[in-house]
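Worksheet: the structure to be examined is printed underneath.
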Amino acid sequence: MTTEAADSTEAAGTIAPAADPGFLQRHGATIEYILIPGAALAGALVIFGIFVAMFGKNPLDLYFYMYYGAFGTWFSWQNTLTRAAPLILTALCTALPAQLGMVIIGGEGALLIGALSATSAALALQGMPPLVVQIAMVVGGVIGGGLWIILSGGLRQYRGVNETISSLLLVYIALAILNHLVEGLMRDPASLNKPSTREIGAANMIGSIPGTDVHWGLVFGLIAAIAAYVLIYHTVFGFAARVAGGNIRAAKIVGLGVSKLILTICFLAGGAAGLAGMVEVAAVQGRTNANLAAGYGFTGILVAFLARQNPLAIIPVAILLGGISASGGLLQRRLGLPDASVLVLQGIIFVFVLASDALYGRIGFLKGKS
């Protein structure tokens with residue numbers, strides 16, 4: 001065979017992905033999971049820009065300051081990553097039950113209970129070595145948050161109560177418990193204007209990653225997201241959870257312990273959000289007070305939906321949403337927009353994400369159709 005013939009044969013056997021009719025059929029779903037949420041995010045930004053333009057502001061300035069406030073400097077990056085840490089953990093509170101077809105939106109409540117549990121552990125172990133106290137805080141936060149979300153799973157499994165409603169109502173119960181304890185039994189007498197618990201102690205704070213101002217909570221979040229991905233997609237337990245999520249009746253017929261799966265997943269989900277509460281206490285606040293109800297649990301719902309409930313995809317999405325949140329202060333200073341304007345943007349994004357859900361599997365060219 002001549003060199004020219006060999007080159008022709010090799011060229012004929014190598015087809016560019018764009019010209020390969022089977023490429024889109026094989027990878028269309030993966031492309032959808034990137035393209036559709038990205039388009040929803042872009043559409044939300046356009047609508048938000050129009051909304052801002054109605055008040056006499058330049059949308060291009062808006063986009064520039066959002067980028068600069070989120071990722072433009074090393075300080076901005078650190079602020080963004082600090083805000084992303086609890087978002088990763090609270091997003092897992094929604095993403096993990098979603099594998100079973102459950103819609104849990106109570107991450108904020110689990111965060112508050114986890115914070116209370118972690119603070120209680122730290123105050124009960126005052127005088128112990130810092131490492132012992134920190135481990136106890138982690139355990140307390142995880143158990144507290146886990147048991148809180150198990151309530152929603154148990155009510156759904158044994159009493160037929162919708163888990164979306166119960167988990168949302170439990171948020172307000174958790175907030176009431178926090179206010180009651182912080183203003184009563186656990187209140188520090190020295191906290192006059194703003195009721196709070198006693199401080200856990202500087203020695204018991206978890207500190208920052210060396211060379212940065214980003215606390216170790218980011219590492220906790222990354223480890224939790226990777227562990228959740230491995231659990232769901234690379235273990236027998238995760239496979240059983242996804243089977244049950246696809247068809248619970250079929251899962252029961254083949255002998256899967258659906259009740260055990262639901263309660264375990266709910267505990268792990270709540271434990272992740274409870275760990276976020278522990279991180280906020282041990283790395284940011286140093287005590288429990290009303291500042292903990294900062295909405296991380298609710299933003300985590302948006303992160304989970306935008307990431308299509310994929311634990312690994314949650315990481316970049318949480319960083320993106322953390323960046324949007326971090327840019328709020330700069331938008332207020334440079335454009336005169338309220339700091340809460342980023343919450344409006346988050347709401348618009350959520351609407352676009354929900355609306356775009358109907359597009360999955362319906363884009364012709366991603367299925368190899370002309």
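Ordered as shown in the structure tokens, chains take letters A, B, and onward, while each chain numbers its residues from 1 and ligands are numbered from 1 in the order shown.
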
Quick one: contact table of stretch 144-184 of chain A to stretch 197-217 of chain A, 10 Å max, nearest atom pair and distance in Å to one decimal per residue, counting only C-alpha atoms, chain and number order, as a tab-separated table?
```
residue	atom	partner	partner_atom	distance
A:Leu181	CA	A:Thr197	CA	8.4
A:Val182	CA	A:Thr197	CA	5.8
A:Glu183	CA	A:Thr197	CA	8.4
A:Gly184	CA	A:Thr197	CA	9.3
```

Compile the contact shell of stretch 249-260 of chain A as a CSV table (one decimal) with N, CA, C and O atoms, in the first residue's frame: residues with an atom at most 12 Å away, counting only C-alpha atoms, same-chain residues fewer than 6 positions apart removed.
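Generated output (around.csv):
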```csv
chain,number,residue,atom,x,y,z
A,100,LEU,N,-33.2,9.9,45.0
A,100,LEU,CA,-34.3,9.0,45.3
A,100,LEU,C,-35.6,9.6,44.8
A,100,LEU,O,-36.7,9.2,45.2
A,101,GLY,N,-35.5,10.7,44.0
A,101,GLY,CA,-36.8,11.3,43.6
A,101,GLY,C,-37.4,12.2,44.6
A,101,GLY,O,-38.6,12.6,44.4
A,150,ILE,N,-33.8,13.8,58.5
A,150,ILE,CA,-34.4,12.5,58.7
A,150,ILE,C,-35.9,12.7,59.0
A,150,ILE,O,-36.7,11.8,58.6
A,153,GLY,N,-37.7,12.8,55.8
A,153,GLY,CA,-37.7,11.5,55.2
A,153,GLY,C,-38.6,10.5,55.9
A,153,GLY,O,-39.4,9.8,55.2
A,154,GLY,N,-38.6,10.5,57.2
A,154,GLY,CA,-39.5,9.6,58.0
A,154,GLY,C,-41.0,10.0,57.8
A,154,GLY,O,-41.8,9.1,57.6
A,155,LEU,N,-41.3,11.3,57.8
A,155,LEU,CA,-42.7,11.7,57.6
A,155,LEU,C,-43.2,11.3,56.2
A,155,LEU,O,-44.3,10.9,56.0
A,156,ARG,N,-42.3,11.4,55.2
A,156,ARG,CA,-42.7,11.0,53.8
A,156,ARG,C,-42.9,9.5,53.7
A,156,ARG,O,-43.9,9.0,53.1
A,157,GLN,N,-42.0,8.7,54.3
A,157,GLN,CA,-42.0,7.3,54.2
A,157,GLN,C,-43.1,6.6,55.0
A,157,GLN,O,-43.7,5.7,54.5
A,158,TYR,N,-43.3,7.1,56.2
A,158,TYR,CA,-44.2,6.4,57.1
A,158,TYR,C,-45.6,7.1,57.3
A,158,TYR,O,-46.5,6.5,57.8
A,236,VAL,N,-22.5,0.3,45.4
A,236,VAL,CA,-23.8,-0.5,45.3
A,236,VAL,C,-24.9,0.3,45.9
A,236,VAL,O,-26.0,0.3,45.4
A,237,PHE,N,-24.6,1.0,47.0
A,237,PHE,CA,-25.6,1.8,47.7
A,237,PHE,C,-26.1,2.9,46.8
A,237,PHE,O,-27.3,3.1,46.7
A,239,PHE,N,-26.0,2.9,43.5
A,239,PHE,CA,-26.8,2.3,42.4
A,239,PHE,C,-28.2,2.0,42.9
A,239,PHE,O,-29.2,2.3,42.2
A,240,ALA,N,-28.3,1.4,44.1
A,240,ALA,CA,-29.6,1.1,44.6
A,240,ALA,C,-30.5,2.4,44.8
A,240,ALA,O,-31.7,2.4,44.5
A,241,ALA,N,-29.9,3.4,45.3
A,241,ALA,CA,-30.6,4.7,45.5
A,241,ALA,C,-31.1,5.2,44.1
A,241,ALA,O,-32.3,5.7,44.0
A,242,ARG,N,-30.3,5.2,43.1
A,242,ARG,CA,-30.7,5.7,41.8
A,242,ARG,C,-31.8,4.8,41.2
A,242,ARG,O,-32.7,5.3,40.5
A,243,VAL,N,-31.7,3.5,41.4
A,243,VAL,CA,-32.8,2.6,41.0
A,243,VAL,C,-34.1,2.9,41.7
A,243,VAL,O,-35.2,3.0,41.0
A,266,CYS,N,-31.3,10.8,53.6
A,266,CYS,CA,-31.7,12.0,54.3
A,266,CYS,C,-30.8,12.4,55.4
A,266,CYS,O,-30.5,13.6,55.6
A,267,PHE,N,-30.3,11.4,56.1
A,267,PHE,CA,-29.3,11.7,57.2
A,267,PHE,C,-28.0,12.3,56.6
A,267,PHE,O,-27.5,13.3,57.1
```

For A:Ile149: contacts at 6 Å, only C-alpha atoms, fewer than 2 positions along chain excluded, given as a JSON list (two decimals) with N, CA and C atoms, in the first residue's frame:
```json
[["chain", "number", "residue", "atom", "x", "y", "z"],
["A", 146, "GLY", "N", -28.27, 15.94, 60.28],
["A", 146, "GLY", "CA", -28.76, 14.68, 59.73],
["A", 146, "GLY", "C", -30.09, 14.26, 60.32],
["A", 147, "LEU", "N", -30.20, 14.34, 61.64],
["A", 147, "LEU", "CA", -31.45, 13.96, 62.30],
["A", 147, "LEU", "C", -32.58, 14.91, 61.93],
["A", 151, "LEU", "N", -36.26, 13.71, 59.74],
["A", 151, "LEU", "CA", -37.66, 13.96, 60.07],
["A", 151, "LEU", "C", -38.51, 14.05, 58.80],
["A", 152, "SER", "N", -38.00, 14.76, 57.80],
["A", 152, "SER", "CA", -38.74, 14.88, 56.54],
["A", 152, "SER", "C", -38.83, 13.54, 55.83],
["A", 266, "CYS", "N", -31.31, 10.80, 53.58],
["A", 266, "CYS", "CA", -31.74, 12.02, 54.27],
["A", 266, "CYS", "C", -30.76, 12.39, 55.39],
["A", 270, "GLY", "N", -28.78, 15.87, 55.35],
["A", 270, "GLY", "CA", -28.86, 16.80, 56.47],
["A", 270, "GLY", "C", -27.52, 16.97, 57.15]]
```

**Request:** Using only C-alpha atoms, find the one residue out of A:Gly49, A:Pro130, A:Ala294, A:Ala110 that sits nearest to A:Leu170.
**Result:**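 Answer, going by the shortest atom-to-atom distance: A:Ala110.
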
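Interatomic distance, atom CA of A:Leu330 against atom CA of A:Tyr68: 8.5 Å.
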
**Message:** Restricting the calculation to only C-alpha atoms: of A:Leu192, A:Val219, A:Ala40, A:Met278, which residue gets closest to A:Ala136?
**Reply:** A:Met278

**Complete:** A:Leu345 proximity check over A:Thr235, A:Ser325, A:Thr264, A:Asn162, using only C-alpha atoms: winner is A:Ser325

**Request:** Write out as number ranges by chain which residues come within 9 Å of A:Phe220 when counting only C-alpha atoms, dropping same-chain ones fewer than 6 positions away.
**Result:** A: 85, 89, 275-276, 279

Name all residues at most 8 Å from A:Asn310 (count only C-alpha atoms; drop same-chain ones fewer than 4 positions away) and give them as a PDB file with N, CA and C atoms, in the first residue's frame.
```
ATOM      1  N   ALA A  95     -29.326  17.796  46.639  1.00  0.00           N
ATOM      2  CA  ALA A  95     -28.904  16.910  45.550  1.00  0.00           C
ATOM      3  C   ALA A  95     -28.957  15.442  45.931  1.00  0.00           C
ATOM      4  N   TYR A 229     -20.246  12.109  45.278  1.00  0.00           N
ATOM      5  CA  TYR A 229     -20.206  11.625  43.895  1.00  0.00           C
ATOM      6  C   TYR A 229     -19.800  10.152  43.849  1.00  0.00           C
ATOM      7  N   ALA A 304     -28.049  23.332  43.583  1.00  0.00           N
ATOM      8  CA  ALA A 304     -28.328  21.930  43.271  1.00  0.00           C
ATOM      9  C   ALA A 304     -29.108  21.787  41.968  1.00  0.00           C
ATOM     10  N   ILE A 314     -21.816  20.534  41.395  1.00  0.00           N
ATOM     11  CA  ILE A 314     -22.170  21.495  42.440  1.00  0.00           C
ATOM     12  C   ILE A 314     -20.989  22.409  42.752  1.00  0.00           C
TER      13      ILE A 314
END
```

Residues near A:Gly114, cut-off 10 Å, only C-alpha atoms, skip fewer than 4 positions along chain, as a compact mmCIF listing (two decimals) with C-alpha atoms, in the first residue's frame:
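After the write, around34.txt holds the following:
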```
# COMPACT_ATOMS: atom_id res chain seq x y z
CA GLU A 108 -31.37 26.14 55.89
CA GLY A 109 -33.02 24.43 58.86
CA ALA A 110 -30.42 21.67 58.98
CA ALA A 118 -21.79 22.21 67.12
CA THR A 119 -21.87 25.20 69.47
CA SER A 120 -23.35 23.08 72.25
CA MET A 137 -18.19 20.08 66.72
CA VAL A 138 -18.01 18.27 63.37
CA VAL A 139 -19.74 15.22 64.81
CA GLY A 140 -22.36 17.36 66.55
CA GLY A 141 -23.06 19.41 63.43
CA VAL A 142 -23.40 16.37 61.19
CA ILE A 143 -25.62 14.44 63.61
CA GLY A 144 -27.81 17.46 64.37
CA GLY A 145 -28.37 18.32 60.72
CA GLY A 146 -28.76 14.68 59.73
CA LEU A 147 -31.45 13.96 62.30
CA TRP A 148 -33.28 17.12 61.31
CA ALA A 174 -35.41 25.39 63.35
CA GLY A 270 -28.86 16.80 56.47
CA GLY A 271 -25.40 15.99 57.79
CA ALA A 272 -23.85 17.95 54.93
CA ALA A 273 -25.99 21.01 55.71
CA GLY A 274 -25.32 20.56 59.43
CA LEU A 275 -21.60 20.57 58.66
CA ALA A 276 -22.13 23.89 56.88
CA GLY A 277 -23.62 25.24 60.10
CA MET A 278 -20.63 23.97 62.06
CA VAL A 279 -18.28 25.68 59.59
CA GLU A 280 -20.12 28.99 59.90
CA VAL A 281 -19.75 28.82 63.69
```

**Asked** Which residues in stretch 60-184 of chain A does DSSP call alpha helix (DSSP H)? List them as a ChimeraX atom specification.
**Response** /A:60-67,74-98,107-124,130-159,163-182

**Item:** Closest of A:Ala282, A:Leu302, A:Ala44, A:Ala39 to A:Leu123 - atom-to-atom distances counting only C-alpha atoms
**Value:**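 Smallest distance to A:Leu123 is found for A:Ala282.
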
Contact check, stretch 290-336 of chain A to stretch 62-66 of chain A, at most 9 Å, counting only C-alpha atoms, closest pairs as JSON lines:
```
{"residue": "A:Gly323", "atom": "CA", "partner": "A:Met66", "partner_atom": "CA", "distance": 7.9}
{"residue": "A:Ile324", "atom": "CA", "partner": "A:Met66", "partner_atom": "CA", "distance": 6.5}
{"residue": "A:Ala326", "atom": "CA", "partner": "A:Met66", "partner_atom": "CA", "distance": 8.5}
{"residue": "A:Ser327", "atom": "CA", "partner": "A:Met66", "partner_atom": "CA", "distance": 5.2}
{"residue": "A:Gly328", "atom": "CA", "partner": "A:Met66", "partner_atom": "CA", "distance": 7.6}
{"residue": "A:Leu330", "atom": "CA", "partner": "A:Tyr65", "partner_atom": "CA", "distance": 6.7}
{"residue": "A:Leu331", "atom": "CA", "partner": "A:Tyr65", "partner_atom": "CA", "distance": 6.4}
{"residue": "A:Arg334", "atom": "CA", "partner": "A:Tyr65", "partner_atom": "CA", "distance": 7.9}
{"residue": "A:Leu335", "atom": "CA", "partner": "A:Leu62", "partner_atom": "CA", "distance": 7.6}
```

Write to file, as a tab-separated table (two decimals), in the first residue's frame, the residues of the selection just made, with C-alpha atoms.
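Written file, result18.tsv:
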```tsv
chain	number	residue	atom	x	y	z
A	323	GLY	CA	-19.23	34.99	43.27
A	324	ILE	CA	-22.57	36.58	42.40
A	326	ALA	CA	-19.82	38.37	46.78
A	327	SER	CA	-20.30	41.03	44.10
A	328	GLY	CA	-23.34	42.52	45.84
A	330	LEU	CA	-19.42	46.30	44.88
A	331	LEU	CA	-22.67	46.75	42.94
A	334	ARG	CA	-20.33	51.58	42.30
A	335	LEU	CA	-23.84	51.50	40.82
```

**Prompt:** stretch 107-299 of chain A: which residues are strand (DSSP E or B) by DSSP, as a list of chain:residue names?
**Reply:**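 Reading the DSSP output for stretch 107-299 of chain A, strand (DSSP E or B) covers A:Arg187, A:Ser196, A:Thr197, A:Ser208, A:His215, A:Asn289.
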
**Spatial neighbours of A:Thr90, max dist 6 Å, only C-alpha atoms, sep filter under 5 positions, as a VMD selection string** = chain A and resid 107 273 297 300

Take the residues that were just selected and, keeping all heavy atoms, output them as an mmCIF file, in the first residue's frame.
```cif
data_model
loop_
_atom_site.group_PDB
_atom_site.id
_atom_site.type_symbol
_atom_site.label_atom_id
_atom_site.label_comp_id
_atom_site.auth_asym_id
_atom_site.auth_seq_id
_atom_site.Cartn_x
_atom_site.Cartn_y
_atom_site.Cartn_z
ATOM 1 N N GLY A 107 -32.458 22.695 53.687
ATOM 2 C CA GLY A 107 -31.057 22.820 54.064
ATOM 3 C C GLY A 107 -30.786 23.933 55.052
ATOM 4 O O GLY A 107 -29.912 23.821 55.912
ATOM 5 N N ALA A 273 -25.542 19.662 55.357
ATOM 6 C CA ALA A 273 -25.988 21.009 55.712
ATOM 7 C C ALA A 273 -25.623 21.339 57.158
ATOM 8 O O ALA A 273 -25.259 22.484 57.471
ATOM 9 C CB ALA A 273 -27.490 21.137 55.498
ATOM 10 N N GLY A 297 -28.850 28.091 52.912
ATOM 11 C CA GLY A 297 -29.628 26.892 52.624
ATOM 12 C C GLY A 297 -30.546 27.060 51.437
ATOM 13 O O GLY A 297 -30.720 26.139 50.622
ATOM 14 N N GLY A 300 -28.487 27.234 48.284
ATOM 15 C CA GLY A 300 -28.021 25.880 47.980
ATOM 16 C C GLY A 300 -29.014 25.109 47.124
ATOM 17 O O GLY A 300 -28.621 24.253 46.318
#
```
